[in-house]
$ cat coords01.pdb   # PDB, C-alpha atoms
ATOM      1  CA  MET J   1       0.000   0.000   0.000
ATOM      2  CA  ALA J   2       1.469   3.312  -1.048
ATOM      3  CA  GLU J   3       1.727   6.084   1.487
ATOM      4  CA  THR J   4       0.734   9.549   0.322
ATOM      5  CA  ALA J   5       3.065  11.905   2.155
ATOM      6  CA  THR J   6       1.902  15.439   1.500
ATOM      7  CA  THR J   7       1.699  18.401   3.801
ATOM      8  CA  ASN J   8      -1.528  19.716   5.228
ATOM      9  CA  ILE J   9      -2.420  23.385   4.670
ATOM     10  CA  GLN J  10      -4.011  23.860   8.042
ATOM     11  CA  GLY J  11      -2.223  21.174  10.053
ATOM     12  CA  ALA J  12      -3.903  19.060  12.669
ATOM     13  CA  VAL J  13      -4.532  20.367  16.147
ATOM     14  CA  SER J  14      -1.879  19.355  18.644
ATOM     15  CA  PRO J  15      -2.739  16.272  20.667
ATOM     16  CA  ILE J  16      -1.697  18.110  23.815
ATOM     17  CA  GLY J  17      -3.717  21.212  23.192
ATOM     18  CA  SER J  18      -1.339  23.553  21.435
ATOM     19  CA  THR J  19      -3.284  26.055  19.379
ATOM     20  CA  GLY J  20      -0.412  27.908  17.754
ATOM     21  CA  ALA J  21       3.325  28.031  17.359
ATOM     22  CA  PRO J  22       4.964  28.112  20.751
ATOM     23  CA  PRO J  23       6.958  31.245  21.521
ATOM     24  CA  ALA J  24      10.701  31.104  21.393
ATOM     25  CA  LEU J  25      11.934  29.688  24.679
ATOM     26  CA  SER J  26      15.230  30.627  26.202
ATOM     27  CA  ARG J  27      18.063  28.230  25.555
ATOM     28  CA  LEU J  28      18.764  28.398  29.252
ATOM     29  CA  LEU J  29      15.444  26.735  30.147
ATOM     30  CA  HIS J  30      15.938  24.032  27.535
ATOM     31  CA  GLY J  31      19.486  23.412  28.749
ATOM     32  CA  TYR J  32      18.290  23.225  32.339
ATOM     33  CA  LEU J  33      15.654  20.641  31.419
ATOM     34  CA  VAL J  34      18.199  18.559  29.507
ATOM     35  CA  PHE J  35      20.526  18.727  32.513
ATOM     36  CA  LEU J  36      17.719  17.703  34.875
ATOM     37  CA  ALA J  37      16.709  14.786  32.618
ATOM     38  CA  VAL J  38      20.322  13.558  32.490
ATOM     39  CA  LEU J  39      20.605  13.909  36.266
ATOM     40  CA  THR J  40      17.401  11.891  36.674
ATOM     41  CA  PHE J  41      18.827   9.176  34.440
ATOM     42  CA  PHE J  42      21.792   8.884  36.789
ATOM     43  CA  LEU J  43      19.359   8.855  39.716
ATOM     44  CA  LEU J  44      17.681   5.813  38.146
ATOM     45  CA  ILE J  45      21.102   4.180  37.941
ATOM     46  CA  ALA J  46      21.700   4.985  41.609
ATOM     47  CA  GLY J  47      18.378   3.357  42.482
ATOM     48  CA  ALA J  48      19.251   0.313  40.388
ATOM     49  CA  LEU J  49      22.534   0.002  42.281
ATOM     50  CA  VAL J  50      20.591  -0.087  45.558
ATOM     51  CA  THR J  51      18.512  -3.034  44.349
ATOM     52  CA  SER J  52      21.389  -4.806  42.603
ATOM     53  CA  ASN J  53      23.478  -4.642  45.793
ATOM     54  CA  ASP J  54      20.563  -5.686  48.052
ATOM     55  CA  ALA J  55      21.099  -2.415  49.922
ATOM     56  CA  GLY J  56      17.469  -1.313  50.257
ATOM     57  CA  LEU J  57      17.439  -1.792  54.036
ATOM     58  CA  SER J  58      21.021  -0.754  54.733
ATOM     59  CA  VAL J  59      19.579   2.403  56.302
ATOM     60  CA  PRO J  60      16.676   0.990  58.359
ATOM     61  CA  ASP J  61      14.717   4.189  59.010
ATOM     62  CA  TRP J  62      13.220   7.098  57.076
ATOM     63  CA  PRO J  63      13.261  10.099  56.725
ATOM     64  CA  THR J  64      16.175   9.998  59.176
ATOM     65  CA  SER J  65      19.239   7.854  58.730
ATOM     66  CA  PHE J  66      20.037   5.856  61.869
ATOM     67  CA  GLY J  67      17.912   8.267  63.885
ATOM     68  CA  SER J  68      19.616  11.424  62.657
ATOM     69  CA  PHE J  69      19.481  13.834  59.746
ATOM     70  CA  GLY J  70      23.259  13.960  59.780
ATOM     71  CA  MET J  71      25.553  12.185  57.373
ATOM     72  CA  PRO J  72      26.040   8.523  58.298
ATOM     73  CA  ARG J  73      29.237   6.651  57.658
ATOM     74  CA  MET J  74      29.146   5.988  53.922
ATOM     75  CA  VAL J  75      30.352   2.402  53.751
ATOM     76  CA  GLY J  76      28.906  -0.822  52.378
ATOM     77  CA  GLY J  77      25.219  -0.732  51.501
ATOM     78  CA  VAL J  78      24.819   2.609  53.321
ATOM     79  CA  LEU J  79      26.817   4.226  50.538
ATOM     80  CA  TYR J  80      24.263   3.103  47.967
ATOM     81  CA  GLU J  81      21.087   3.667  50.008
ATOM     82  CA  HIS J  82      21.916   6.993  51.640
ATOM     83  CA  GLY J  83      23.674   8.178  48.493
ATOM     84  CA  HIS J  84      20.482   7.441  46.582
ATOM     85  CA  ARG J  85      18.466   9.479  49.084
ATOM     86  CA  MET J  86      20.806  12.467  48.787
ATOM     87  CA  PHE J  87      20.759  12.248  44.994
ATOM     88  CA  ALA J  88      16.937  12.074  45.006
ATOM     89  CA  ALA J  89      16.647  15.088  47.314
ATOM     90  CA  THR J  90      18.845  17.101  44.950
ATOM     91  CA  VAL J  91      16.743  16.128  41.931
ATOM     92  CA  GLY J  92      13.584  16.992  43.883
ATOM     93  CA  LEU J  93      14.852  20.479  44.696
ATOM     94  CA  LEU J  94      15.912  21.093  41.093
ATOM     95  CA  THR J  95      12.496  19.882  39.928
ATOM     96  CA  VAL J  96      10.709  22.438  42.098
ATOM     97  CA  ILE J  97      12.945  25.172  40.649
ATOM     98  CA  MET J  98      12.109  23.948  37.141
ATOM     99  CA  ALA J  99       8.374  23.987  37.814
ATOM    100  CA  VAL J 100       8.444  27.506  39.249
ATOM    101  CA  TRP J 101      10.488  28.662  36.255
ATOM    102  CA  ILE J 102       8.015  27.178  33.784
ATOM    103  CA  TRP J 103       4.944  28.505  35.630
ATOM    104  CA  LEU J 104       6.407  32.018  35.636
ATOM    105  CA  LYS J 105       7.889  32.156  32.142
ATOM    106  CA  GLU J 106       6.191  29.544  29.933
ATOM    107  CA  PRO J 107       2.907  30.611  28.268
ATOM    108  CA  ARG J 108       1.838  27.120  27.194
ATOM    109  CA  ARG J 109      -0.664  25.859  29.739
ATOM    110  CA  TRP J 110      -0.082  22.169  29.130
ATOM    111  CA  MET J 111       3.615  22.616  29.913
ATOM    112  CA  LYS J 112       2.734  24.250  33.234
ATOM    113  CA  TRP J 113       0.541  21.312  34.171
ATOM    114  CA  LEU J 114       3.218  18.837  33.073
ATOM    115  CA  ALA J 115       5.786  20.649  35.204
ATOM    116  CA  GLY J 116       3.349  20.477  38.122
ATOM    117  CA  ALA J 117       2.907  16.761  37.492
ATOM    118  CA  ALA J 118       6.697  16.367  37.684
ATOM    119  CA  VAL J 119       6.721  17.962  41.144
ATOM    120  CA  LEU J 120       3.905  15.710  42.354
ATOM    121  CA  ALA J 121       5.679  12.676  40.898
ATOM    122  CA  VAL J 122       8.984  13.434  42.596
ATOM    123  CA  ILE J 123       7.233  14.005  45.938
ATOM    124  CA  ALA J 124       5.274  10.758  45.598
ATOM    125  CA  GLN J 125       8.475   9.010  44.590
ATOM    126  CA  GLY J 126      10.176  10.127  47.784
ATOM    127  CA  VAL J 127       7.230   8.951  49.896
ATOM    128  CA  LEU J 128       7.156   5.570  48.155
ATOM    129  CA  GLY J 129      10.874   5.236  48.712
ATOM    130  CA  GLY J 130      10.337   5.851  52.413
ATOM    131  CA  ILE J 131       7.487   3.355  52.605
ATOM    132  CA  THR J 132       9.668   0.668  51.012
ATOM    133  CA  VAL J 133      12.077   1.081  53.922
ATOM    134  CA  LEU J 134       9.528   1.416  56.735
ATOM    135  CA  PHE J 135       7.590  -1.664  55.598
ATOM    136  CA  TYR J 136      10.643  -3.756  54.629
ATOM    137  CA  LEU J 137      10.499  -3.649  50.847
ATOM    138  CA  PRO J 138       6.874  -4.644  50.076
ATOM    139  CA  LEU J 139       6.701  -5.975  46.537
ATOM    140  CA  PHE J 140       4.085  -3.715  45.009
ATOM    141  CA  VAL J 141       5.353  -0.557  46.712
ATOM    142  CA  SER J 142       8.884  -1.264  45.503
ATOM    143  CA  THR J 143       7.575  -1.944  42.008
ATOM    144  CA  GLY J 144       5.475   1.230  42.095
ATOM    145  CA  HIS J 145       8.564   3.158  43.188
ATOM    146  CA  ALA J 146      10.448   1.858  40.164
ATOM    147  CA  ALA J 147       7.571   2.552  37.736
ATOM    148  CA  LEU J 148       7.001   6.080  39.035
ATOM    149  CA  GLY J 149      10.691   6.824  38.661
ATOM    150  CA  GLN J 150      10.478   5.881  34.978
ATOM    151  CA  THR J 151       7.355   8.017  34.584
ATOM    152  CA  PHE J 152       9.079  11.018  36.147
ATOM    153  CA  PHE J 153      12.037  10.545  33.805
ATOM    154  CA  CYS J 154       9.723  10.496  30.777
ATOM    155  CA  ILE J 155       7.990  13.705  31.912
ATOM    156  CA  LEU J 156      11.341  15.472  32.012
ATOM    157  CA  VAL J 157      12.329  14.053  28.615
ATOM    158  CA  THR J 158       9.035  15.329  27.166
ATOM    159  CA  LEU J 159       9.629  18.803  28.591
ATOM    160  CA  ALA J 160      13.194  18.827  27.283
ATOM    161  CA  VAL J 161      12.162  17.763  23.775
ATOM    162  CA  THR J 162       9.271  20.224  23.490
ATOM    163  CA  THR J 163      11.352  23.206  24.616
ATOM    164  CA  GLN J 164      13.662  22.940  21.635
ATOM    165  CA  LYS J 165      13.752  26.205  19.743
ATOM    166  CA  ASP J 166      12.266  24.774  16.540
ATOM    167  CA  TRP J 167       9.575  22.646  18.188
ATOM    168  CA  ARG J 168       6.053  23.292  16.887
ATOM    169  CA  TRP J 169       2.813  21.382  17.343
ATOM    170  CA  ASP J 170       0.973  23.303  14.631
ATOM    171  CA  GLY J 171       3.432  22.889  11.746
ATOM    172  CA  PRO J 172       2.659  21.078   8.479
ATOM    173  CA  ARG J 173       2.083  17.350   8.815
ATOM    174  CA  ILE J 174       2.439  14.373   6.528
ATOM    175  CA  ASP J 175      -0.812  12.682   5.560
ATOM    176  CA  GLU J 176      -0.920   8.950   6.214
ATOM    177  CA  SER J 177      -3.108   6.611   4.203
ATOM    178  CA  PRO J 178      -5.900   5.021   6.276
ATOM    179  CA  VAL J 179      -4.433   1.899   7.830
ATOM    180  CA  PHE J 180      -4.852   0.091  11.118
ATOM    181  CA  PRO J 181      -3.118   0.716  13.330
ATOM    182  CA  SER J 182      -2.192   4.240  12.353
ATOM    183  CA  LEU J 183       1.367   5.313  13.052
ATOM    184  CA  ARG J 184       0.118   7.403  15.962
ATOM    185  CA  GLN J 185      -1.732   4.446  17.439
ATOM    186  CA  LEU J 186       1.276   2.188  16.945
ATOM    187  CA  ALA J 187       3.572   4.707  18.661
ATOM    188  CA  VAL J 188       1.270   4.762  21.698
ATOM    189  CA  VAL J 189       1.084   0.949  21.795
ATOM    190  CA  VAL J 190       4.871   0.634  21.579
ATOM    191  CA  THR J 191       5.415   3.103  24.416
ATOM    192  CA  GLY J 192       2.732   1.462  26.548
ATOM    193  CA  SER J 193       4.131  -2.021  25.982
ATOM    194  CA  ILE J 194       7.624  -0.877  26.969
ATOM    195  CA  PHE J 195       6.261   0.662  30.166
ATOM    196  CA  VAL J 196       4.451  -2.575  31.026
ATOM    197  CA  GLN J 197       7.638  -4.515  30.301
ATOM    198  CA  LEU J 198       9.578  -2.299  32.716
ATOM    199  CA  ILE J 199       6.979  -3.036  35.396
ATOM    200  CA  LEU J 200       7.401  -6.766  34.733
ATOM    201  CA  GLY J 201      11.149  -6.299  34.981
ATOM    202  CA  ALA J 202      10.784  -4.552  38.338
ATOM    203  CA  LEU J 203       8.557  -7.363  39.606
ATOM    204  CA  TYR J 204      11.133  -9.917  38.500
ATOM    205  CA  ARG J 205      14.034  -8.016  40.120
ATOM    206  CA  HIS J 206      12.094  -7.906  43.376
ATOM    207  CA  ASN J 207      11.348 -11.660  43.124
ATOM    208  CA  GLY J 208       7.618 -11.106  42.618
ATOM    209  CA  ILE J 209       7.242 -13.103  39.405
ATOM    210  CA  SER J 210       9.119 -15.748  37.468
ATOM    211  CA  LEU J 211      11.222 -14.991  34.426
ATOM    212  CA  MET J 212       8.615 -16.169  31.906
ATOM    213  CA  PRO J 213       6.284 -13.083  31.886
ATOM    214  CA  HIS J 214       9.294 -10.778  31.578
ATOM    215  CA  ALA J 215      10.780 -12.862  28.758
ATOM    216  CA  ILE J 216       7.474 -12.888  26.873
ATOM    217  CA  GLY J 217       7.223  -9.143  27.368
ATOM    218  CA  ALA J 218      10.690  -8.706  25.897
ATOM    219  CA  ILE J 219       9.660 -10.608  22.765
ATOM    220  CA  VAL J 220       6.501  -8.509  22.390
ATOM    221  CA  VAL J 221       8.445  -5.254  22.797
ATOM    222  CA  ALA J 222      11.078  -6.347  20.283
ATOM    223  CA  ILE J 223       8.418  -7.218  17.688
ATOM    224  CA  LEU J 224       6.537  -3.943  18.199
ATOM    225  CA  ALA J 225       9.721  -1.869  18.067
ATOM    226  CA  LEU J 226      10.777  -3.597  14.872
ATOM    227  CA  TRP J 227       7.296  -3.069  13.412
ATOM    228  CA  ILE J 228       7.229   0.685  13.992
ATOM    229  CA  ALA J 229      10.854   1.091  12.885
ATOM    230  CA  VAL J 230      10.283  -0.755   9.609
ATOM    231  CA  ARG J 231       7.113   1.213   8.975
ATOM    232  CA  ILE J 232       8.825   4.538   9.531
ATOM    233  CA  LEU J 233      11.983   3.683   7.602
ATOM    234  CA  SER J 234      10.011   2.320   4.645
ATOM    235  CA  ARG J 235       7.506   5.190   4.403
ATOM    236  CA  PHE J 236       9.067   8.246   6.032
ATOM    237  CA  MET J 237      12.774   7.750   5.362
ATOM    238  CA  THR J 238      13.371  11.386   4.418
ATOM    239  CA  GLU J 239      11.911  12.617   7.703
ATOM    240  CA  ASP J 240      15.231  12.839   9.494
ATOM    241  CA  ARG J 241      13.971  13.125  13.073
ATOM    242  CA  LEU J 242      11.493  10.292  12.652
ATOM    243  CA  SER J 243      14.018   7.971  11.013
ATOM    244  CA  ARG J 244      16.764   8.773  13.525
ATOM    245  CA  ALA J 245      14.408   8.199  16.443
ATOM    246  CA  ALA J 246      13.288   4.855  14.984
ATOM    247  CA  LYS J 247      16.877   3.701  14.423
ATOM    248  CA  ALA J 248      17.842   4.715  17.959
ATOM    249  CA  LEU J 249      14.894   2.784  19.388
ATOM    250  CA  ILE J 250      15.849  -0.401  17.547
ATOM    251  CA  ALA J 251      19.498  -0.083  18.630
ATOM    252  CA  LEU J 252      18.503   0.384  22.271
ATOM    253  CA  VAL J 253      16.034  -2.523  22.212
ATOM    254  CA  ALA J 254      18.712  -4.785  20.713
ATOM    255  CA  GLY J 255      21.169  -3.741  23.406
ATOM    256  CA  GLN J 256      18.543  -4.267  26.097
ATOM    257  CA  VAL J 257      17.760  -7.793  24.926
ATOM    258  CA  PHE J 258      21.466  -8.625  24.927
ATOM    259  CA  LEU J 259      21.915  -7.263  28.466
ATOM    260  CA  GLY J 260      18.855  -9.196  29.624
ATOM    261  CA  VAL J 261      20.273 -12.470  28.334
ATOM    262  CA  VAL J 262      23.656 -11.804  29.931
ATOM    263  CA  ALA J 263      21.998 -10.806  33.226
ATOM    264  CA  PHE J 264      19.999 -14.057  33.265
ATOM    265  CA  ILE J 265      23.112 -16.155  32.592
ATOM    266  CA  LEU J 266      25.005 -14.412  35.391
ATOM    267  CA  ARG J 267      22.049 -14.748  37.739
ATOM    268  CA  MET J 268      22.051 -18.492  37.166
ATOM    269  CA  GLN J 269      25.825 -18.644  37.561
ATOM    270  CA  PHE J 270      25.783 -16.790  40.896
ATOM    271  CA  HIS J 271      22.517 -18.251  42.130
ATOM    272  CA  ASP J 272      24.057 -19.602  45.347
ATOM    273  CA  ALA J 273      26.431 -16.685  45.974
ATOM    274  CA  PRO J 274      26.215 -15.354  49.559
ATOM    275  CA  GLN J 275      26.175 -11.742  48.346
ATOM    276  CA  PRO J 276      25.628  -9.827  45.091
ATOM    277  CA  MET J 277      28.568 -10.486  42.785
ATOM    278  CA  PRO J 278      30.130  -7.501  40.937
ATOM    279  CA  PRO J 279      29.630  -8.829  37.382
ATOM    280  CA  LEU J 280      25.916  -9.380  38.000
ATOM    281  CA  VAL J 281      25.576  -6.028  39.771
ATOM    282  CA  ARG J 282      27.117  -4.204  36.816
ATOM    283  CA  VAL J 283      25.106  -5.994  34.130
ATOM    284  CA  ALA J 284      21.793  -5.855  36.030
ATOM    285  CA  THR J 285      22.249  -2.133  36.681
ATOM    286  CA  ALA J 286      23.102  -1.522  33.033
ATOM    287  CA  HIS J 287      19.974  -3.484  32.080
ATOM    288  CA  VAL J 288      17.820  -1.141  34.180
ATOM    289  CA  ALA J 289      19.573   1.935  32.771
ATOM    290  CA  VAL J 290      19.151   0.895  29.140
ATOM    291  CA  GLY J 291      15.524  -0.012  29.871
ATOM    292  CA  ALA J 292      14.958   3.579  30.980
ATOM    293  CA  LEU J 293      16.560   4.812  27.759
ATOM    294  CA  VAL J 294      14.343   2.494  25.693
ATOM    295  CA  LEU J 295      11.214   3.931  27.315
ATOM    296  CA  ALA J 296      12.452   7.511  26.960
ATOM    297  CA  GLN J 297      13.340   6.949  23.311
ATOM    298  CA  SER J 298       9.891   5.523  22.609
ATOM    299  CA  VAL J 299       8.402   8.684  24.132
ATOM    300  CA  VAL J 300      10.645  10.841  21.929
ATOM    301  CA  LEU J 301       9.592   8.825  18.874
ATOM    302  CA  ALA J 302       5.908   9.173  19.781
ATOM    303  CA  LEU J 303       6.308  12.948  20.174
ATOM    304  CA  HIS J 304       7.864  13.206  16.721
ATOM    305  CA  VAL J 305       5.150  11.010  15.217
ATOM    306  CA  PHE J 306       2.357  13.175  16.655
ATOM    307  CA  ARG J 307       4.190  16.323  15.552
ATOM    308  CA  ARG J 308       4.891  15.288  11.956
ATOM    309  CA  VAL J 309       2.270  12.684  10.948
ATOM    310  CA  ALA J 310      -1.397  13.648  10.618
ATOM    311  CA  SER J 311      -4.132  11.410  11.947
ATOM    312  CA  PRO J 312      -5.787   9.332   9.165
ATOM    313  CA  ALA J 313      -9.129  10.290  10.728
ATOM    314  CA  LYS J 314      -8.472  13.900   9.771
ATOM    315  CA  PRO J 315      -7.540  13.883   6.093
ATOM    316  CA  ALA J 316      -5.792  16.839   4.516
ATOM    317  CA  VAL J 317      -7.929  19.787   3.414
ATOM    318  CA  GLY J 318      -5.715  20.474   0.439
ATOM    319  CA  PRO J 319      -2.362  18.908  -0.378
ATOM    320  CA  VAL J 320       0.395  21.245  -1.436
ATOM    321  CA  GLY J 321       4.001  20.759  -2.475
ATOM    322  CA  ALA J 322       5.884  17.714  -3.589
ATOM    323  CA  GLU J 323       5.982  14.372  -1.961
ATOM    324  CA  GLN J 324       8.192  14.197   1.098
ATOM    325  CA  GLY J 325       9.799  10.927   0.149
ATOM    326  CA  ALA J 326       7.332   8.358   1.442
ATOM    327  CA  ARG J 327       7.668   4.908  -0.070
ATOM    328  CA  PRO J 328       5.174   2.152  -0.659
TER
END
$ encode --input "coords01.pdb" --output "structure tokens"
Amino acid sequence: MAETATTNIQGAVSPIGSTGAPPALSRLLHGYLVFLAVLTFFLLIAGALVTSNDAGLSVPDWPTSFGSFGMPRMVGGVLYEHGHRMFAATVGLLTVIMAVWIWLKEPRRWMKWLAGAAVLAVIAQGVLGGITVLFYLPLFVSTGHAALGQTFFCILVTLAVTTQKDWRWDGPRIDESPVFPSLRQLAVVVTGSIFVQLILGALYRHNGISLMPHAIGAIVVAILALWIAVRILSRFMTEDRLSRAAKALIALVAGQVFLGVVAFILRMQFHDAPQPMPPLVRVATAHVAVGALVLAQSVVLALHVFRRVASPAKPAVGPVGAEQGARP
């Protein structure tokens, strides 16, 4: 089926409520959001190190540490657990600054609400982290803590992407031939399936489920990622941001599958080890980190799809210009 890739005179309305071209944002705000997103990525790694080193209860109380708000001796598991708390507090403070900045300077209402959601998420994340300690690592609270951390990361990635100087929701879009699922629908399904897979991974890491559901989820995610990548690269190859995002997603998914296999082999090898072994700690932590990048990249891809590809349900009013390079 050939894809008719022509631009729309009026352009579709933004899925997030943008009604016009966003004003030029300062590079400082965009740079701050990129910095905060990168810092949050390292915070996710710090959290993964806590779990990989079985250090979740190394500091047995919360919000104090050994009954005090002072700095404990940073050795053993305390280094990972208390270090994670300090890192999280720093990210929380920077998030509040970001939200205030956006509410004061950013005219787009949806961005203000998203910034507010980031503050609520980071507060809830801190509370969940405390509950995991106070109630001795309950499965679903620990899993919720992991899932909310990924959600918070994706909020920051969304804010960083949409504050780029040339980002517009109301620009010309490529018309897609009616097909099910549409590229927009497929992008949402891919992102949702990756998020579910990360939840399954968290349940497996916390010994809540067997390997099988997580392995099946990995296969489903790989198939969906390959599907959307092939569809984009075969029909929208000349759309640089779409094609680059699709290629990056496939590369990250491939790397994630490889790390998952290696992590499983090492887990079997060190099954009877009396403590977490360094090779498994490193690979398992890398597996969590790349999983976060896979989810974030799927969000970036979905944003570009909604920005550049029109919904088949809203056909073009009048095509103009030459084809943009879509292929059958």
$ resolve_selection --input "coords01.pdb" --expression "the PyMOL selection byres ((chain J and resi 206) around 8)" --output "PyMOL selection string"
chain J and resi 139+142-143+202-205+207-208
$ atom_distance --input "coords01.pdb" --atom1 "atom CA of Pro172 of chain J" --atom2 "atom CA of Asp240 of chain J"
15.1 Å
$ closest_residue --input "coords01.pdb" --among "J:Met212, J:Leu198, J:Leu186, J:Ala284" --to "Arg231 of chain J" --atoms "all atoms listed in the file"
J:Leu186
$ residues_around --input "coords01.pdb" --residues "Leu252 of chain J" --least-positions-apart "4" --cutoff "8 Å" --atoms "all atoms listed in the file" --output "PDB file with C-alpha atoms, in the coordinates of the input"
ATOM      1  CA  ALA J 248      17.842   4.715  17.959  1.00  0.00           C
ATOM      2  CA  GLN J 256      18.543  -4.267  26.097  1.00  0.00           C
ATOM      3  CA  VAL J 290      19.151   0.895  29.140  1.00  0.00           C
ATOM      4  CA  LEU J 293      16.560   4.812  27.759  1.00  0.00           C
ATOM      5  CA  VAL J 294      14.343   2.494  25.693  1.00  0.00           C
TER       6      VAL J 294
END
$ axis_aligned_box --input "coords01.pdb" --around "segment 148-156 of chain J" --padding-each-side "4 Å" --output "lines of an AutoDock Vina configuration file"
center_x = 9.5
center_y = 10.7
center_z = 34.9
size_x = 13.0
size_y = 17.6
size_z = 16.3
$ residues_around --input "coords01.pdb" --residues "Phe69 of chain J" --least-positions-apart "5" --cutoff "12 Å" --atoms "only C-alpha atoms" --output "list in words"
Val59, Asp61, Trp62, Pro63, Thr64, His82, Arg85 and Met86 of chain J
$ resolve_selection --input "coords01.pdb" --expression "the PyMOL selection byres ((chain J and resi 279) around 12)" --output "list in words"
Ser52, Asn53, Leu259, Val262, Ala263, Phe264, Ile265, Leu266, Arg267, Gln269, Phe270, Gln275, Pro276, Met277, Pro278, Leu280, Val281, Arg282, Val283, Ala284, Thr285 and Ala286 of chain J
$ write_last_selection --input "coords01.pdb" --atoms "C-alpha atoms" --output "PDB file, keeping the file's coordinate frame"
ATOM      1  CA  SER J  52      21.389  -4.806  42.603  1.00  0.00           C
ATOM      2  CA  ASN J  53      23.478  -4.642  45.793  1.00  0.00           C
ATOM      3  CA  LEU J 259      21.915  -7.263  28.466  1.00  0.00           C
ATOM      4  CA  VAL J 262      23.656 -11.804  29.931  1.00  0.00           C
ATOM      5  CA  ALA J 263      21.998 -10.806  33.226  1.00  0.00           C
ATOM      6  CA  PHE J 264      19.999 -14.057  33.265  1.00  0.00           C
ATOM      7  CA  ILE J 265      23.112 -16.155  32.592  1.00  0.00           C
ATOM      8  CA  LEU J 266      25.005 -14.412  35.391  1.00  0.00           C
ATOM      9  CA  ARG J 267      22.049 -14.748  37.739  1.00  0.00           C
ATOM     10  CA  GLN J 269      25.825 -18.644  37.561  1.00  0.00           C
ATOM     11  CA  PHE J 270      25.783 -16.790  40.896  1.00  0.00           C
ATOM     12  CA  GLN J 275      26.175 -11.742  48.346  1.00  0.00           C
ATOM     13  CA  PRO J 276      25.628  -9.827  45.091  1.00  0.00           C
ATOM     14  CA  MET J 277      28.568 -10.486  42.785  1.00  0.00           C
ATOM     15  CA  PRO J 278      30.130  -7.501  40.937  1.00  0.00           C
ATOM     16  CA  LEU J 280      25.916  -9.380  38.000  1.00  0.00           C
ATOM     17  CA  VAL J 281      25.576  -6.028  39.771  1.00  0.00           C
ATOM     18  CA  ARG J 282      27.117  -4.204  36.816  1.00  0.00           C
ATOM     19  CA  VAL J 283      25.106  -5.994  34.130  1.00  0.00           C
ATOM     20  CA  ALA J 284      21.793  -5.855  36.030  1.00  0.00           C
ATOM     21  CA  THR J 285      22.249  -2.133  36.681  1.00  0.00           C
ATOM     22  CA  ALA J 286      23.102  -1.522  33.033  1.00  0.00           C
TER      23      ALA J 286
END
$ decode --input "coords01.pdb" --residues "segment 52-66 of chain J" --atoms "N, CA and C atoms" --output "PDB file, in the first residue's frame"
ATOM      1  N   SER J  52      20.421  -3.807  43.050  1.00  0.00           N
ATOM      2  CA  SER J  52      21.389  -4.806  42.603  1.00  0.00           C
ATOM      3  C   SER J  52      22.318  -5.239  43.728  1.00  0.00           C
ATOM      4  N   ASN J  53      22.593  -4.328  44.670  1.00  0.00           N
ATOM      5  CA  ASN J  53      23.478  -4.642  45.793  1.00  0.00           C
ATOM      6  C   ASN J  53      22.719  -5.080  47.046  1.00  0.00           C
ATOM      7  N   ASP J  54      21.392  -5.293  46.899  1.00  0.00           N
ATOM      8  CA  ASP J  54      20.563  -5.686  48.052  1.00  0.00           C
ATOM      9  C   ASP J  54      20.757  -4.727  49.227  1.00  0.00           C
ATOM     10  N   ALA J  55      20.796  -3.426  48.908  1.00  0.00           N
ATOM     11  CA  ALA J  55      21.099  -2.415  49.922  1.00  0.00           C
ATOM     12  C   ALA J  55      19.873  -1.629  50.359  1.00  0.00           C
ATOM     13  N   GLY J  56      18.676  -2.081  49.991  1.00  0.00           N
ATOM     14  CA  GLY J  56      17.469  -1.313  50.257  1.00  0.00           C
ATOM     15  C   GLY J  56      17.205  -1.055  51.728  1.00  0.00           C
ATOM     16  N   LEU J  57      17.665  -1.956  52.600  1.00  0.00           N
ATOM     17  CA  LEU J  57      17.439  -1.792  54.036  1.00  0.00           C
ATOM     18  C   LEU J  57      18.739  -1.520  54.787  1.00  0.00           C
ATOM     19  N   SER J  58      19.752  -1.060  54.076  1.00  0.00           N
ATOM     20  CA  SER J  58      21.021  -0.754  54.733  1.00  0.00           C
ATOM     21  C   SER J  58      20.878   0.421  55.689  1.00  0.00           C
ATOM     22  N   VAL J  59      19.960   1.339  55.367  1.00  0.00           N
ATOM     23  CA  VAL J  59      19.579   2.403  56.302  1.00  0.00           C
ATOM     24  C   VAL J  59      18.161   2.061  56.736  1.00  0.00           C
ATOM     25  N   PRO J  60      17.950   1.612  57.974  1.00  0.00           N
ATOM     26  CA  PRO J  60      16.676   0.990  58.359  1.00  0.00           C
ATOM     27  C   PRO J  60      15.547   1.945  58.706  1.00  0.00           C
ATOM     28  N   ASP J  61      15.779   3.246  58.655  1.00  0.00           N
ATOM     29  CA  ASP J  61      14.717   4.189  59.010  1.00  0.00           C
ATOM     30  C   ASP J  61      14.591   5.265  57.929  1.00  0.00           C
ATOM     31  N   TRP J  62      13.497   6.016  58.034  1.00  0.00           N
ATOM     32  CA  TRP J  62      13.220   7.098  57.076  1.00  0.00           C
ATOM     33  C   TRP J  62      12.209   8.044  57.715  1.00  0.00           C
ATOM     34  N   PRO J  63      12.324   9.351  57.570  1.00  0.00           N
ATOM     35  CA  PRO J  63      13.261  10.099  56.725  1.00  0.00           C
ATOM     36  C   PRO J  63      14.643  10.302  57.326  1.00  0.00           C
ATOM     37  N   THR J  64      14.849   9.896  58.589  1.00  0.00           N
ATOM     38  CA  THR J  64      16.175   9.998  59.176  1.00  0.00           C
ATOM     39  C   THR J  64      17.044   8.836  58.716  1.00  0.00           C
ATOM     40  N   SER J  65      18.302   8.942  59.009  1.00  0.00           N
ATOM     41  CA  SER J  65      19.239   7.854  58.730  1.00  0.00           C
ATOM     42  C   SER J  65      19.909   7.482  60.046  1.00  0.00           C
ATOM     43  N   PHE J  66      19.562   6.310  60.570  1.00  0.00           N
ATOM     44  CA  PHE J  66      20.037   5.856  61.869  1.00  0.00           C
ATOM     45  C   PHE J  66      19.667   6.851  62.963  1.00  0.00           C
TER      46      PHE J  66
END
